[in-house]
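Note sheet for the following structure.
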Amino acid sequence: MSRTIVFVHGAWVMPASWDNFRKPFEAAGFTVHAPAWPHVEGRSADELNANPPEGFGGLTVGRIADKYQSFIETLPEPPILIGHSFGGLLVQMLLDRGVGAAAVAINPAPIGGVIPGPGAFKAIAPIMFRLAGWTKPYRLTRKRFGSLFANTAPDDVVDEAYGSFVIPAPGMIFHQAALWLGTWVSPRRRTQPLLITGASEDRLVSPYLSRAAWRRQRKSPARTDYVEFPGRSHFLAGEPGWEEVALTALTWIDSLSADAPRADRAVADLPELIAAE
């Protein structure tokens, strides 16, 4: 199995959101990359918050996936992809293109065919119902970031994240996810292993959405697993306890080397196994 990992960040955050989460993978000997979305690379959070670049609001998931594919094709080996939120959608799109050796989709934004529930629609309603909102960036206030994205994280963690790497998000991608525009994948042609996660307290990507993506992806002939973390929010890769999420992903990746046959299963017992080591 590949010893290279590419992290794909999601909406409202920058690659710096991976700064802690990537450390266990580096310690395990992986070569780690965390590229930025188009328009984000080379800019600071302060710059993006003060003056989002021209065209950022209309950025599409297809263009973001294109950028990651171009980067991945420069690497010496097909990497393992790890994406969070919209990054989780993007890694599934990349696998669908035949890009990447395997992927972990952490609380992924919905692929085409997955119907967002009432909670998800309520969360994105302020984005969807703006005049020409698909052309405009949308920034979360500190209050909404804390209540929607990081609702189980302590205030000091929320404050640090919000001041360090929280940025506006392109309005277009939310319209695409809600209306299934450019977000379809074909699980039956996927040949790479995939792990999808959920979190019980996630108010943006509910466990229902994560499980729905897993059920669709199980149509693949390749290994397709699911694990759910209790008591965690959408910010499960950054809030206290993120180490358990990282170690679960690492354990799953390590299991791929000895697991060539298809092995559809929920791996909800992995956190307990890790804690017992």
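To be explicit about the labels: the chains of the structure tokens are called A, B, and onward in the order shown, and within each one the residues are counted from 1, while ligands get numbers from 1 in the order they are shown.
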
Practice task
Please give the complete set of residues from segment 2-199 of chain A that DSSP, run on the backbone, assigns to strand (DSSP E or B), formatted as an MDAnalysis selection string.
Solution key: chainID A and resid 4:8 13 31:33 80:84 102:106 137:138 166 169:170 194:199

Please provide as a PDB file with N, CA and C atoms, in the first residue's frame all residues within 7 Å of segment 60-73 of chain A, with the sequence filter that same-chain residues fewer than 5 positions apart are discarded (counting only C-alpha atoms).
```
ATOM      1  N   TRP A  37      -7.061  24.518  -1.962  1.00  0.00           N
ATOM      2  CA  TRP A  37      -8.001  24.706  -3.054  1.00  0.00           C
ATOM      3  C   TRP A  37      -7.541  25.858  -3.957  1.00  0.00           C
ATOM      4  N   PRO A  38      -8.031  25.918  -5.182  1.00  0.00           N
ATOM      5  CA  PRO A  38      -7.778  27.099  -6.013  1.00  0.00           C
ATOM      6  C   PRO A  38      -8.228  28.372  -5.292  1.00  0.00           C
ATOM      7  N   LEU A  90     -14.708  15.337  -2.302  1.00  0.00           N
ATOM      8  CA  LEU A  90     -13.690  15.431  -3.350  1.00  0.00           C
ATOM      9  C   LEU A  90     -12.867  14.154  -3.471  1.00  0.00           C
ATOM     10  N   LEU A  94     -12.353  11.898  -6.763  1.00  0.00           N
ATOM     11  CA  LEU A  94     -11.048  11.533  -7.302  1.00  0.00           C
ATOM     12  C   LEU A  94     -10.934  10.021  -7.499  1.00  0.00           C
ATOM     13  N   VAL A  99      -8.141   8.147  -9.553  1.00  0.00           N
ATOM     14  CA  VAL A  99      -7.011   8.845  -8.936  1.00  0.00           C
ATOM     15  C   VAL A  99      -6.926   8.455  -7.468  1.00  0.00           C
ATOM     16  N   MET A 172     -20.995  28.417  -4.592  1.00  0.00           N
ATOM     17  CA  MET A 172     -21.343  27.465  -5.659  1.00  0.00           C
ATOM     18  C   MET A 172     -21.357  26.021  -5.172  1.00  0.00           C
ATOM     19  N   ILE A 173     -20.384  25.627  -4.364  1.00  0.00           N
ATOM     20  CA  ILE A 173     -20.265  24.218  -4.004  1.00  0.00           C
ATOM     21  C   ILE A 173     -21.460  23.735  -3.185  1.00  0.00           C
ATOM     22  N   GLY A 182     -22.712  17.930 -10.587  1.00  0.00           N
ATOM     23  CA  GLY A 182     -21.282  17.651 -10.635  1.00  0.00           C
ATOM     24  C   GLY A 182     -20.754  16.856  -9.471  1.00  0.00           C
TER      25      GLY A 182
END
```

Find the nearest atom pair between each residue of segment 23-108 of chain A and segment 213-233 of chain A for residues within 10 Å, count only C-alpha atoms, give distances in Å to one decimal, sort rows by chain and ascending number, and present the table as a tab-separated table.
```
residue	atom	partner	partner_atom	distance
A:Leu89	CA	A:Ala213	CA	9.6
A:Gln92	CA	A:Gln217	CA	9.2
A:Ala102	CA	A:Arg223	CA	9.6
A:Ala103	CA	A:Thr224	CA	9.9
A:Val104	CA	A:Asp225	CA	9.4
A:Ala105	CA	A:Tyr226	CA	9.5
A:Ile106	CA	A:Val227	CA	9.6
A:Asn107	CA	A:Glu228	CA	9.1
A:Pro108	CA	A:Ala213	CA	8.2
```

Practice task
Go through A:Ala101, A:Ala36, A:Phe25, A:Thr31 one by one, measure the shortest atom-to-atom distance of each to Val8 of chain A using only C-alpha atoms, and give the residue with the smallest value.
Solution key: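 Closest to Val8 of chain A, using only C-alpha atoms: A:Ala36.
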